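File shown here: model_24.cif, holding mmCIF, C-alpha atoms.
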data_final
loop_
_atom_site.label_atom_id
_atom_site.label_comp_id
_atom_site.auth_asym_id
_atom_site.auth_seq_id
_atom_site.Cartn_x
_atom_site.Cartn_y
_atom_site.Cartn_z
CA MET A 449 0.00 0.00 0.00
CA SER A 450 1.29 3.45 -0.90
CA ALA A 451 1.81 5.95 1.91
CA PHE A 452 -0.90 8.59 2.27
CA GLN A 453 -2.23 11.26 4.61
CA PHE A 454 -5.84 11.98 5.45
CA ARG A 455 -7.33 15.06 7.10
CA THR A 456 -10.85 16.17 7.87
CA VAL A 457 -12.99 18.22 10.27
CA PRO A 458 -12.48 16.89 13.83
CA HIS A 459 -16.13 17.00 14.92
CA VAL A 460 -19.28 16.41 12.85
CA ILE A 461 -22.87 16.47 14.12
CA VAL A 462 -25.49 14.78 11.91
CA ASP A 463 -28.90 15.56 13.37
CA ALA A 464 -32.08 16.98 11.87
CA GLY A 465 -32.90 19.87 14.21
CA ALA A 466 -29.34 20.47 15.44
CA ALA A 467 -29.27 24.02 14.01
CA ALA A 468 -31.79 25.09 16.62
CA GLN A 469 -29.24 24.04 19.25
CA LEU A 470 -26.34 25.88 17.61
CA GLY A 471 -25.74 28.11 20.62
CA ALA A 472 -25.50 25.14 22.98
CA HIS A 473 -23.09 23.32 20.65
CA ILE A 474 -20.84 26.38 20.37
CA ALA A 475 -20.96 27.01 24.12
CA HIS A 476 -19.87 23.41 24.67
CA HIS A 477 -16.98 23.52 22.19
CA PHE A 478 -15.93 27.15 22.70
CA PRO A 479 -17.04 28.14 26.22
CA SER A 480 -15.16 31.45 26.23
CA VAL A 481 -16.68 32.81 22.98
CA ARG A 482 -18.97 35.80 23.44
CA ARG A 483 -19.00 37.43 19.97
CA ALA A 484 -19.61 35.64 16.67
CA LEU A 485 -20.12 36.55 13.01
CA LEU A 486 -22.70 34.56 11.07
CA VAL A 487 -21.92 34.49 7.33
CA THR A 488 -24.81 33.84 4.94
CA ASP A 489 -26.62 35.28 1.92
CA ALA A 490 -29.67 37.52 1.75
CA GLY A 491 -31.76 34.87 0.01
CA PHE A 492 -31.32 32.31 2.75
CA LEU A 493 -31.80 34.94 5.43
CA SER A 494 -35.17 35.82 3.87
CA THR A 495 -36.43 32.23 4.28
CA GLY A 496 -36.56 32.63 8.06
CA LEU A 497 -34.59 29.42 8.56
CA ALA A 498 -31.77 31.35 10.23
CA GLU A 499 -34.01 32.56 13.05
CA ALA A 500 -33.81 29.42 15.21
CA PRO A 501 -30.00 29.18 15.16
CA LEU A 502 -29.69 32.93 15.76
CA HIS A 503 -32.06 32.70 18.73
CA SER A 504 -30.11 29.79 20.17
CA LEU A 505 -26.90 31.80 19.97
CA ARG A 506 -28.43 34.69 21.88
CA VAL A 507 -29.86 32.33 24.51
CA ALA A 508 -26.34 30.96 24.97
CA GLY A 509 -25.08 34.46 25.70
CA ILE A 510 -23.33 34.92 22.37
CA ASP A 511 -23.60 38.33 20.70
CA VAL A 512 -24.00 37.47 17.02
CA HIS A 513 -23.59 39.82 14.05
CA VAL A 514 -24.96 38.77 10.66
CA PHE A 515 -23.03 39.29 7.43
CA SER A 516 -25.45 38.51 4.60
CA GLU A 517 -23.68 39.97 1.56
CA VAL A 518 -22.50 36.64 0.15
CA GLN A 519 -23.40 36.01 -3.48
CA ALA A 520 -22.86 33.08 -5.83
CA ASP A 521 -19.27 32.83 -7.08
CA PRO A 522 -18.23 35.38 -4.43
CA PRO A 523 -15.83 38.09 -5.58
CA GLU A 524 -12.89 39.30 -3.53
CA ALA A 525 -14.82 42.40 -2.48
CA VAL A 526 -17.39 40.27 -0.62
CA VAL A 527 -14.68 38.40 1.28
CA LEU A 528 -12.98 41.65 2.25
CA ALA A 529 -16.28 43.20 3.37
CA GLY A 530 -16.85 40.20 5.63
CA VAL A 531 -13.34 40.50 7.07
CA ALA A 532 -14.00 44.18 7.80
CA GLN A 533 -17.19 43.26 9.67
CA ALA A 534 -15.41 40.60 11.71
CA GLN A 535 -12.68 43.03 12.67
CA MET A 536 -15.08 45.89 13.41
CA PHE A 537 -17.05 43.81 15.91
CA HIS A 538 -13.96 42.02 17.29
CA VAL A 539 -15.64 38.66 16.82
CA GLU A 540 -14.10 35.54 18.28
CA LEU A 541 -15.75 32.88 16.09
CA ILE A 542 -17.07 32.59 12.52
CA ILE A 543 -20.20 30.65 11.55
CA GLY A 544 -20.89 29.72 7.93
CA LEU A 545 -24.58 29.15 7.21
CA GLY A 546 -25.57 28.60 3.59
CA GLY A 547 -24.45 27.02 0.36
CA GLY A 548 -20.89 26.53 -0.75
CA SER A 549 -20.29 30.21 -1.38
CA SER A 550 -21.24 31.20 2.18
CA LEU A 551 -19.14 28.41 3.65
CA ASP A 552 -16.15 29.36 1.50
CA VAL A 553 -16.42 33.02 2.48
CA ALA A 554 -16.68 32.02 6.16
CA LYS A 555 -13.44 30.07 5.86
CA LEU A 556 -11.58 33.00 4.37
CA ILE A 557 -12.96 35.46 6.92
CA ALA A 558 -11.80 33.15 9.72
CA VAL A 559 -8.30 33.07 8.20
CA LEU A 560 -8.03 36.78 7.36
CA ALA A 561 -9.72 38.41 10.38
CA PRO A 562 -6.67 38.02 12.67
CA GLY A 563 -4.76 40.23 10.20
CA HIS A 564 -1.77 37.99 9.49
CA GLN A 565 -2.10 38.00 5.68
CA GLU A 566 -3.76 39.68 2.70
CA LEU A 567 -6.23 37.75 0.54
CA GLY A 568 -3.92 37.77 -2.48
CA GLN A 569 -1.27 35.94 -0.48
CA LEU A 570 -3.54 32.95 0.14
CA TYR A 571 -4.18 31.74 -3.41
CA GLY A 572 -2.69 28.37 -4.29
CA ILE A 573 -1.83 25.38 -2.14
CA GLY A 574 -0.49 25.67 1.39
CA ASN A 575 -0.06 29.46 1.51
CA VAL A 576 -2.12 30.16 4.64
CA GLN A 577 -0.01 31.05 7.65
CA GLY A 578 -0.83 31.39 11.32
CA GLN A 579 -3.97 30.58 13.26
CA ARG A 580 -7.50 31.42 12.18
CA LEU A 581 -10.55 32.20 14.28
CA PRO A 582 -12.64 29.21 15.40
CA LEU A 583 -14.96 28.09 12.59
CA VAL A 584 -18.33 26.32 12.57
CA GLN A 585 -20.08 25.36 9.32
CA LEU A 586 -23.75 24.54 8.61
CA PRO A 587 -24.56 23.68 4.97
CA THR A 588 -27.98 24.50 3.55
CA THR A 589 -27.46 22.58 0.30
CA ALA A 590 -26.37 18.98 -0.21
CA GLY A 591 -23.69 19.53 -2.80
CA THR A 592 -20.39 21.29 -2.27
CA GLY A 593 -19.14 19.47 0.80
CA SER A 594 -17.50 22.78 1.70
CA GLU A 595 -18.35 22.25 5.37
CA VAL A 596 -15.63 19.57 5.54
CA SER A 597 -13.25 20.65 2.77
CA ASN A 598 -9.98 22.56 2.94
CA ILE A 599 -10.74 24.61 -0.18
CA ALA A 600 -12.31 28.00 -0.84
CA ILE A 601 -12.98 29.42 -4.30
CA VAL A 602 -13.00 33.15 -5.04
CA THR A 603 -13.90 35.02 -8.24
CA THR A 604 -10.98 37.28 -9.11
CA GLY A 605 -11.34 40.01 -11.71
CA ALA A 606 -14.34 39.83 -14.00
CA THR A 607 -14.62 36.09 -14.58
CA SER A 608 -11.62 34.09 -13.40
CA LYS A 609 -11.59 31.99 -10.24
CA MET A 610 -8.79 31.24 -7.81
CA GLY A 611 -8.61 28.62 -5.09
CA VAL A 612 -7.19 28.67 -1.58
CA VAL A 613 -6.18 25.20 -0.40
CA ALA A 614 -4.79 24.80 3.11
CA PRO A 615 -5.38 22.70 6.24
CA GLN A 616 -6.42 25.82 8.16
CA LEU A 617 -9.61 25.86 6.08
CA TYR A 618 -10.92 22.73 7.76
CA ALA A 619 -13.63 23.83 10.21
CA ASP A 620 -13.62 22.93 13.89
CA LEU A 621 -17.22 21.75 13.78
CA ALA A 622 -19.66 20.86 10.98
CA ILE A 623 -23.38 20.50 11.67
CA LEU A 624 -25.59 18.68 9.16
CA ASP A 625 -29.23 19.54 9.75
CA ALA A 626 -31.54 18.63 6.88
CA SER A 627 -34.25 20.97 8.12
CA LEU A 628 -32.10 23.78 6.71
CA THR A 629 -32.47 22.30 3.20
CA LEU A 630 -36.25 21.80 3.11
CA GLY A 631 -36.93 24.95 1.10
CA LEU A 632 -34.47 24.10 -1.65
CA PRO A 633 -36.14 24.08 -5.12
CA PRO A 634 -35.92 20.87 -7.17
CA ALA A 635 -33.56 22.34 -9.78
CA ILE A 636 -31.06 23.44 -7.12
CA THR A 637 -31.46 20.15 -5.27
CA ALA A 638 -30.64 18.29 -8.49
CA ALA A 639 -27.68 20.43 -9.52
CA THR A 640 -26.07 20.42 -6.08
CA GLY A 641 -26.69 16.70 -5.70
CA ILE A 642 -25.01 15.93 -9.02
CA ASP A 643 -22.15 18.21 -7.95
CA ALA A 644 -21.66 16.00 -4.89
CA MET A 645 -21.75 12.87 -7.07
CA VAL A 646 -19.06 14.44 -9.27
CA HIS A 647 -16.94 14.98 -6.16
CA ALA A 648 -17.21 11.28 -5.36
CA ILE A 649 -16.48 10.15 -8.92
CA GLU A 650 -13.48 12.43 -9.35
CA ALA A 651 -12.04 11.61 -5.92
CA TYR A 652 -12.27 7.89 -6.74
CA THR A 653 -10.31 8.40 -9.97
CA SER A 654 -7.94 11.17 -8.82
CA ARG A 655 -4.53 10.45 -10.35
CA LEU A 656 -2.21 11.67 -7.60
CA LEU A 657 -3.71 11.26 -4.13
CA LYS A 658 -6.36 8.54 -4.38
CA ASN A 659 -6.21 6.44 -1.21
CA PRO A 660 -8.21 3.73 0.62
CA LEU A 661 -10.04 6.15 2.93
CA SER A 662 -11.07 8.52 0.15
CA ASP A 663 -12.19 5.51 -1.91
CA MET A 664 -14.38 4.21 0.90
CA LEU A 665 -15.95 7.62 1.44
CA ALA A 666 -16.50 8.19 -2.28
CA ARG A 667 -18.30 4.86 -2.71
CA GLN A 668 -20.55 5.40 0.29
CA ALA A 669 -21.27 8.98 -0.82
CA LEU A 670 -22.23 7.84 -4.30
CA SER A 671 -24.54 5.17 -2.89
CA LEU A 672 -26.36 7.64 -0.63
CA LEU A 673 -26.63 10.36 -3.24
CA HIS A 674 -27.85 8.04 -6.00
CA GLY A 675 -30.32 6.40 -3.64
CA HIS A 676 -31.99 9.62 -2.50
CA LEU A 677 -31.48 12.38 -5.09
CA VAL A 678 -34.58 11.77 -7.17
CA THR A 679 -36.73 11.48 -4.03
CA ALA A 680 -35.30 14.72 -2.62
CA CYS A 681 -36.14 16.46 -5.91
CA SER A 682 -39.67 15.08 -6.25
CA ASP A 683 -40.57 15.30 -2.54
CA GLY A 684 -38.64 18.24 -1.13
CA ALA A 685 -40.21 17.83 2.32
CA ASN A 686 -38.86 14.28 2.72
CA LEU A 687 -36.57 14.84 5.71
CA PRO A 688 -34.89 11.39 5.68
CA ALA A 689 -34.00 11.80 1.99
CA ARG A 690 -32.69 15.31 2.64
CA GLN A 691 -30.59 14.08 5.57
CA ALA A 692 -29.16 11.25 3.47
CA MET A 693 -28.25 13.75 0.76
CA LEU A 694 -26.46 15.98 3.28
CA LEU A 695 -24.51 13.01 4.61
CA GLY A 696 -23.60 11.87 1.11
CA ALA A 697 -22.43 15.35 0.13
CA MET A 698 -20.31 15.56 3.29
CA LEU A 699 -18.69 12.16 2.68
CA ALA A 700 -17.91 13.21 -0.88
CA GLY A 701 -16.42 16.43 0.50
CA GLN A 702 -14.16 14.45 2.82
CA ALA A 703 -13.11 12.29 -0.12
CA PHE A 704 -12.20 15.05 -2.56
CA SER A 705 -10.45 17.13 0.09
CA ASN A 706 -7.90 14.32 0.25
CA ALA A 707 -8.09 12.99 -3.33
CA PRO A 708 -8.73 16.17 -5.33
CA VAL A 709 -11.16 16.71 -8.20
CA ALA A 710 -10.02 16.97 -11.79
CA ALA A 711 -11.12 17.78 -15.34
CA VAL A 712 -14.89 17.96 -14.74
CA HIS A 713 -14.31 20.82 -12.32
CA ALA A 714 -11.56 22.35 -14.47
CA LEU A 715 -13.97 22.62 -17.40
CA ALA A 716 -16.92 23.64 -15.20
CA TYR A 717 -15.21 26.66 -13.64
CA PRO A 718 -15.07 28.71 -16.88
CA ILE A 719 -18.76 28.01 -17.51
CA GLY A 720 -19.59 29.47 -14.13
CA GLY A 721 -17.10 32.32 -14.33
CA LEU A 722 -17.93 33.49 -17.85
CA PHE A 723 -21.65 32.76 -18.01
CA HIS A 724 -22.71 32.82 -14.34
CA VAL A 725 -24.05 29.27 -14.46
CA PRO A 726 -24.35 27.75 -10.96
CA HIS A 727 -21.41 25.54 -10.08
CA GLY A 728 -23.34 22.30 -9.69
CA LEU A 729 -25.07 22.74 -13.03
CA SER A 730 -21.76 23.61 -14.71
CA ASN A 731 -20.37 20.29 -13.50
CA ALA A 732 -23.45 18.38 -14.65
CA LEU A 733 -23.21 19.85 -18.17
CA VAL A 734 -19.68 18.59 -18.85
CA LEU A 735 -19.70 15.43 -16.70
CA PRO A 736 -20.73 12.76 -19.25
CA HIS A 737 -18.37 14.16 -21.87
CA VAL A 738 -15.37 14.23 -19.54
CA LEU A 739 -16.17 10.69 -18.40
CA ARG A 740 -16.21 9.50 -22.02
CA PHE A 741 -12.88 11.26 -22.64
CA ASN A 742 -11.37 9.48 -19.63
CA LEU A 743 -12.63 6.00 -20.52
CA SER A 744 -9.33 4.90 -22.06
CA HIS A 745 -7.55 5.56 -18.77
CA ALA A 746 -10.21 5.09 -16.09
CA ALA A 747 -12.67 2.43 -17.31
CA PRO A 748 -11.83 -0.11 -14.56
CA LEU A 749 -12.44 2.48 -11.83
CA TYR A 750 -15.61 3.74 -13.48
CA ALA A 751 -16.75 0.12 -13.68
CA GLU A 752 -16.28 -0.26 -9.92
CA LEU A 753 -18.40 2.84 -9.32
CA ALA A 754 -21.08 1.56 -11.68
CA THR A 755 -21.57 -1.45 -9.40
CA VAL A 756 -22.22 0.95 -6.51
CA LEU A 757 -25.13 2.40 -8.49
CA ARG A 758 -26.26 -0.88 -10.02
CA PRO A 759 -25.10 -3.73 -7.74
CA ALA A 760 -26.40 -6.50 -9.99
CA MET A 761 -24.54 -5.24 -13.04
CA LYS A 762 -22.28 -7.66 -14.89
CA GLY A 763 -20.15 -7.35 -18.00
CA SER A 764 -16.83 -5.95 -19.09
CA ASP A 765 -15.16 -2.94 -17.52
CA GLU A 766 -16.00 -0.93 -20.61
CA ALA A 767 -19.68 -1.91 -20.51
CA ARG A 768 -20.02 -1.11 -16.82
CA ALA A 769 -18.12 2.16 -17.21
CA GLN A 770 -20.52 3.17 -19.97
CA ALA A 771 -23.38 2.29 -17.62
CA LEU A 772 -22.02 4.80 -15.10
CA ILE A 773 -22.16 7.50 -17.77
CA ASP A 774 -25.66 6.43 -18.81
CA THR A 775 -26.86 6.47 -15.19
CA MET A 776 -25.59 10.00 -14.61
CA GLN A 777 -27.31 11.16 -17.79
CA GLU A 778 -30.55 9.46 -16.70
CA ILE A 779 -30.42 11.33 -13.38
CA ALA A 780 -30.03 14.64 -15.21
CA ALA A 781 -32.94 13.79 -17.50
CA THR A 782 -35.19 12.63 -14.66
CA THR A 783 -34.57 15.74 -12.57
CA GLY A 784 -35.12 18.04 -15.55
CA ILE A 785 -31.97 20.15 -15.27
CA ALA A 786 -30.33 21.66 -18.36
CA ARG A 787 -28.25 19.13 -20.29
CA THR A 788 -26.54 21.18 -23.01
CA LEU A 789 -24.42 24.31 -23.04
CA ARG A 790 -26.84 25.94 -25.47
CA GLU A 791 -29.58 25.74 -22.84
CA VAL A 792 -27.57 28.05 -20.57
CA GLY A 793 -26.75 30.59 -23.30
CA ILE A 794 -23.41 29.28 -24.58
CA ALA A 795 -22.80 29.30 -28.35
CA ALA A 796 -20.23 27.64 -30.61
CA SER A 797 -18.41 30.97 -30.83
CA ASP A 798 -17.72 30.76 -27.08
CA LEU A 799 -15.89 27.42 -27.13
CA ASP A 800 -12.40 28.76 -27.82
CA ARG A 801 -12.60 31.16 -24.90
CA LEU A 802 -13.89 28.39 -22.64
CA ALA A 803 -11.03 26.11 -23.69
CA ASP A 804 -8.47 28.84 -23.03
CA GLU A 805 -9.88 29.45 -19.56
CA ALA A 806 -10.04 25.73 -18.75
CA MET A 807 -6.34 25.28 -19.48
CA LEU A 808 -5.57 27.78 -16.70
CA GLN A 809 -6.95 25.31 -14.15
CA THR A 810 -3.65 23.49 -13.82
CA ARG A 811 -4.25 22.58 -10.14
CA LEU A 812 -7.24 20.50 -11.20
CA LEU A 813 -6.10 19.19 -14.57
CA GLY A 814 -3.07 17.56 -12.97
CA ASN A 815 -5.37 15.24 -11.04
CA ASN A 816 -7.18 13.91 -14.10
CA PRO A 817 -6.54 10.27 -15.05
CA ARG A 818 -5.89 11.35 -18.66
CA THR A 819 -3.91 14.39 -19.79
CA VAL A 820 -6.16 17.13 -21.19
CA THR A 821 -4.83 19.35 -23.99
CA ARG A 822 -6.48 22.56 -25.15
CA GLY A 823 -7.80 20.70 -28.17
CA ASP A 824 -9.26 18.05 -25.91
CA ALA A 825 -10.97 20.67 -23.76
CA ARG A 826 -12.49 22.36 -26.80
CA ALA A 827 -13.73 19.01 -28.13
CA ILE A 828 -15.36 18.22 -24.79
CA TYR A 829 -17.13 21.58 -24.79
CA ALA A 830 -18.22 20.98 -28.39
CA ALA A 831 -19.69 17.60 -27.39
CA ALA A 832 -21.59 19.31 -24.56
CA LEU A 833 -22.96 22.06 -26.78
#
Would you write out, as structure tokens, the structure that this file holds?
Amino acid sequence: MSAFQFRTVPHVIVDAGAAAQLGAHIAHHFPSVRRALLVTDAGFLSTGLAEAPLHSLRVAGIDVHVFSEVQADPPEAVVLAGVAQAQMFHVELIIGLGGGSSLDVAKLIAVLAPGHQELGQLYGIGNVQGQRLPLVQLPTTAGTGSEVSNIAIVTTGATSKMGVVAPQLYADLAILDASLTLGLPPAITAATGIDAMVHAIEAYTSRLLKNPLSDMLARQALSLLHGHLVTACSDGANLPARQAMLLGAMLAGQAFSNAPVAAVHALAYPIGGLFHVPHGLSNALVLPHVLRFNLSHAAPLYAELATVLRPAMKGSDEARAQALIDTMQEIAATTGIARTLREVGIAASDLDRLADEAMLQTRLLGNNPRTVTRGDARAIYAAAL
């Protein structure tokens, strides 16, 4: 067995209703904390679902300030505004409450608020220095796995994205409460769920850091997500299905934090950055085409994952690998999400620019089981058009 390392969040609570006890959980883990910043977005705040956790914080004697300026694909200005709020109120703990963007922003605020570094110094792998503020994460979508990942993505400039990857971005505590996801529309449920499935698939086939623990987590994540995604989309009030989706997304997050994602994400980022397509949907649009491209190098691994989705499946590696692709396309069709680039406003004239942008994602492309050239990237986009 090859040597490997594995890291994750040290404490996870999986409990429908736990958000209403947030204050008690924080008081238990951080008894000296008296001032906290809750990081979320205006849309989630308007649902009223933040009221119970906010009330519990106040009952626990914690003075909580709300920063609700997070937006999808958060730009640097949003991160810096959150840092300014944290510093202004001298907060001692950061709480992320929302989708992946809110959780990513919370991570960066926790790192930057002590004032050791500037945001521009963090980009890349392992560039965070010093201690961050204590960090608690509560996801409201079952997709990104950001609550247990060591990655934060920021939109830099007009369209490009940069990643911060460092162990300091692992939270101290993650709370998975499916009641926070009950208002999620079917289209967002589907896109974020497929995003989580992509995390599992890419972690399982990651070229450089694939390991037995990430493999185990990826397989279990894929089983949970496949088993409950359609139900969560068709019956959004089904709490057990929602809780299973949250758990699956978290397991996938633990997997890809240690065995990183690859070409699906590398090609998805430009779609989101240039055309403001949600991240999960961007992944779903290119997924089957990247999987087909990788078949020559990853068919045996894809075949193993196919048996997770269809346990009775027999046949050659190639046949089972193709069944994995077919199954992912069936999920997209069943849930009704967009399936072509044209459906989200992308034209043939945009493909060269997309390919150019994708080739800048060297951190991700290096993990892919098959080398991706610019010509390959353009051909994949063309197939997705």
| said: Once the PyMOL selection byres ((chain A and resi 810-813) around 12) is applied to the coordinates I shared, what remains selected? I want it as a VMD selection string. | reply: chain A and resid 571 to 573 609 to 613 650 to 651 654 to 656 704 707 to 717 738 804 to 809 814 to 822 824 to 825
| said: Could you list, as a VMD selection string, every residue matched by the PyMOL selection byres ((chain A and resi 533) around 12) in this structure? | reply: chain A and resid 483 to 487 512 to 517 526 to 532 534 to 540 542 554 557 to 558 560 to 561
Now that the selection is made, can you save its residues with C-alpha atoms as a tab-separated table (two decimals), keeping the file's coordinate frame?
chain	number	residue	atom	x	y	z
A	483	ARG	CA	-19.00	37.43	19.97
A	484	ALA	CA	-19.61	35.64	16.67
A	485	LEU	CA	-20.12	36.55	13.01
A	486	LEU	CA	-22.70	34.56	11.07
A	487	VAL	CA	-21.92	34.49	7.33
A	512	VAL	CA	-24.00	37.47	17.02
A	513	HIS	CA	-23.59	39.82	14.05
A	514	VAL	CA	-24.96	38.77	10.66
A	515	PHE	CA	-23.03	39.29	7.43
A	516	SER	CA	-25.45	38.51	4.60
A	517	GLU	CA	-23.68	39.97	1.56
A	526	VAL	CA	-17.39	40.27	-0.62
A	527	VAL	CA	-14.68	38.40	1.28
A	528	LEU	CA	-12.98	41.65	2.25
A	529	ALA	CA	-16.28	43.20	3.37
A	530	GLY	CA	-16.85	40.20	5.63
A	531	VAL	CA	-13.34	40.50	7.07
A	532	ALA	CA	-14.00	44.18	7.80
A	534	ALA	CA	-15.41	40.60	11.71
A	535	GLN	CA	-12.68	43.03	12.67
A	536	MET	CA	-15.08	45.89	13.41
A	537	PHE	CA	-17.05	43.81	15.91
A	538	HIS	CA	-13.96	42.02	17.29
A	539	VAL	CA	-15.64	38.66	16.82
A	540	GLU	CA	-14.10	35.54	18.28
A	542	ILE	CA	-17.07	32.59	12.52
A	554	ALA	CA	-16.68	32.02	6.16
A	557	ILE	CA	-12.96	35.46	6.92
A	558	ALA	CA	-11.80	33.15	9.72
A	560	LEU	CA	-8.03	36.78	7.36
A	561	ALA	CA	-9.72	38.41	10.38
| task | Just say which residues the PyMOL selection byres ((chain A and resi 589) around 10) picks in this file, as a ChimeraX atom specification. | result | /A:545-548,586-588,590-593,624,626,628-632,636-637,640-641,690,693-694,697
Using all atoms listed in the file, what table do you get, as JSON lines, when you list each residue of region 753-773 of chain A with an atom no more than 12 Å from region 778-790 of chain A, its nearest pair of atoms, and their distance in Å rounded to one decimal, rows by chain then rising number?
{"residue": "A:Leu757", "atom": "CA", "partner": "A:Ile779", "partner_atom": "CA", "distance": 11.5}
{"residue": "A:Ala771", "atom": "CA", "partner": "A:Glu778", "partner_atom": "CA", "distance": 10.2}
{"residue": "A:Leu772", "atom": "CA", "partner": "A:Glu778", "partner_atom": "CA", "distance": 9.9}
{"residue": "A:Ile773", "atom": "CA", "partner": "A:Glu778", "partner_atom": "CA", "distance": 8.7}
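For the pair CA of Pro582 (chain A) and CA of Glu566 (chain A), the interatomic distance is 18.7 Å.
In this model, the gap between CA of Ala767 (chain A) and CA of Met645 (chain A) comes to 20.1 Å.
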| message | What's around Phe454 (chain A) at 12 Å? Count only C-alpha atoms, leave out sequence neighbours fewer than 2 positions away in its own chain, and write the answer as a ChimeraX atom specification. | response | /A:451-452,456-458,597-598,615,657-663,665,702-708
Print the selection's residues with C-alpha atoms to a file, as an mmCIF file, in the coordinates of the input.
data_model
loop_
_atom_site.group_PDB
_atom_site.id
_atom_site.type_symbol
_atom_site.label_atom_id
_atom_site.label_comp_id
_atom_site.auth_asym_id
_atom_site.auth_seq_id
_atom_site.Cartn_x
_atom_site.Cartn_y
_atom_site.Cartn_z
ATOM 1 C CA ALA A 451 1.810 5.950 1.910
ATOM 2 C CA PHE A 452 -0.900 8.590 2.270
ATOM 3 C CA THR A 456 -10.850 16.170 7.870
ATOM 4 C CA VAL A 457 -12.990 18.220 10.270
ATOM 5 C CA PRO A 458 -12.480 16.890 13.830
ATOM 6 C CA SER A 597 -13.250 20.650 2.770
ATOM 7 C CA ASN A 598 -9.980 22.560 2.940
ATOM 8 C CA PRO A 615 -5.380 22.700 6.240
ATOM 9 C CA LEU A 657 -3.710 11.260 -4.130
ATOM 10 C CA LYS A 658 -6.360 8.540 -4.380
ATOM 11 C CA ASN A 659 -6.210 6.440 -1.210
ATOM 12 C CA PRO A 660 -8.210 3.730 0.620
ATOM 13 C CA LEU A 661 -10.040 6.150 2.930
ATOM 14 C CA SER A 662 -11.070 8.520 0.150
ATOM 15 C CA ASP A 663 -12.190 5.510 -1.910
ATOM 16 C CA LEU A 665 -15.950 7.620 1.440
ATOM 17 C CA GLN A 702 -14.160 14.450 2.820
ATOM 18 C CA ALA A 703 -13.110 12.290 -0.120
ATOM 19 C CA PHE A 704 -12.200 15.050 -2.560
ATOM 20 C CA SER A 705 -10.450 17.130 0.090
ATOM 21 C CA ASN A 706 -7.900 14.320 0.250
ATOM 22 C CA ALA A 707 -8.090 12.990 -3.330
ATOM 23 C CA PRO A 708 -8.730 16.170 -5.330
#
| query | From the set A:Leu541, A:Val518, A:Ala622, A:Met776, which residue has the shortest atom-to-atom contact distance to His459 (chain A), counting all atoms listed in the file? | reply | A:Ala622
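If you look at CA of Leu743 (chain A) and CA of Leu695 (chain A), they are 28.7 Å away from each other.
Nearest-residue note for Leu722 (chain A): choosing from A:Ser682, A:Thr603, A:Gln585, A:Asn742, the minimum distance belongs to A:Thr603, counting only C-alpha atoms.
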| Distance query 9 Å from (-11.9, 26.7, 0.4) using only C-alpha atoms, result as a list in words | Leu551, Asp552, Val553, Lys555, Leu556, Ser594, Ser597, Asn598, Ile599, Ala600, Ile601, Val602, Gly611, Val612, Val613, Ala614, Leu617 and Tyr618 of chain A
Expected file: the selected residues, C-alpha atoms, as a CSV table (one decimal), keeping the file's coordinate frame:
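As written to disk, selection27.csv reads:
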chain,number,residue,atom,x,y,z
A,551,LEU,CA,-19.1,28.4,3.6
A,552,ASP,CA,-16.2,29.4,1.5
A,553,VAL,CA,-16.4,33.0,2.5
A,555,LYS,CA,-13.4,30.1,5.9
A,556,LEU,CA,-11.6,33.0,4.4
A,594,SER,CA,-17.5,22.8,1.7
A,597,SER,CA,-13.2,20.6,2.8
A,598,ASN,CA,-10.0,22.6,2.9
A,599,ILE,CA,-10.7,24.6,-0.2
A,600,ALA,CA,-12.3,28.0,-0.8
A,601,ILE,CA,-13.0,29.4,-4.3
A,602,VAL,CA,-13.0,33.2,-5.0
A,611,GLY,CA,-8.6,28.6,-5.1
A,612,VAL,CA,-7.2,28.7,-1.6
A,613,VAL,CA,-6.2,25.2,-0.4
A,614,ALA,CA,-4.8,24.8,3.1
A,617,LEU,CA,-9.6,25.9,6.1
A,618,TYR,CA,-10.9,22.7,7.8
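Minimum atom-to-atom distance to Ser627 (chain A), evaluated using all atoms listed in the file, belongs to A:Ala466 out of A:Ala466, A:Ala680, A:Ala525, A:Ala795.
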| task | Give the answer as one residue: which of A:Ala644, A:Ala832, A:Leu673, A:Ala751 has the shortest atom-to-atom distance to Ser764 (chain A), using all atoms listed in the file? | result | A:Ala751
| message | Using all atoms listed in the file for the distances, tell me which of A:Val734, A:Met664, A:Ile461, A:Ala746 is nearest to Glu766 (chain A). | response | A:Ala746
Please work out which residues fall within 7 Å of (-19.0, 8.1, -4.5), coordinates as given in the file, with all atoms listed in the file counting, and return them as a tab-separated table (two decimals) with C-alpha atoms, in the frame of the given file.
chain	number	residue	atom	x	y	z
A	645	MET	CA	-21.75	12.87	-7.07
A	648	ALA	CA	-17.21	11.28	-5.36
A	649	ILE	CA	-16.48	10.15	-8.92
A	665	LEU	CA	-15.95	7.62	1.44
A	666	ALA	CA	-16.50	8.19	-2.28
A	667	ARG	CA	-18.30	4.86	-2.71
A	668	GLN	CA	-20.55	5.40	0.29
A	669	ALA	CA	-21.27	8.98	-0.82
A	670	LEU	CA	-22.23	7.84	-4.30
A	671	SER	CA	-24.54	5.17	-2.89
A	700	ALA	CA	-17.91	13.21	-0.88
| For Arg768 (chain A): contacts at 12 Å, all atoms listed in the file, fewer than 6 positions along chain excluded, given as a ChimeraX atom specification | /A:743,746-762,774-775
Near Asp683 (chain A), within 9 Å and counting all atoms listed in the file, which residues show up once chain neighbours fewer than 5 positions away are dropped, as a tab-separated table (two decimals) with C-alpha atoms, in the frame of the given file?
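What ended up in around.tsv:
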chain	number	residue	atom	x	y	z
A	634	PRO	CA	-35.92	20.87	-7.17
A	678	VAL	CA	-34.58	11.77	-7.17
A	689	ALA	CA	-34.00	11.80	1.99
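Neighbouring residues of Ala475 (chain A) at 10 Å or closer, counting only C-alpha atoms and skipping chain neighbours under 4 positions away, are Leu470, Gly471, Pro479, Ser480, Val481, Arg482, Leu505, Ala508, Gly509 and Ile510 of chain A.
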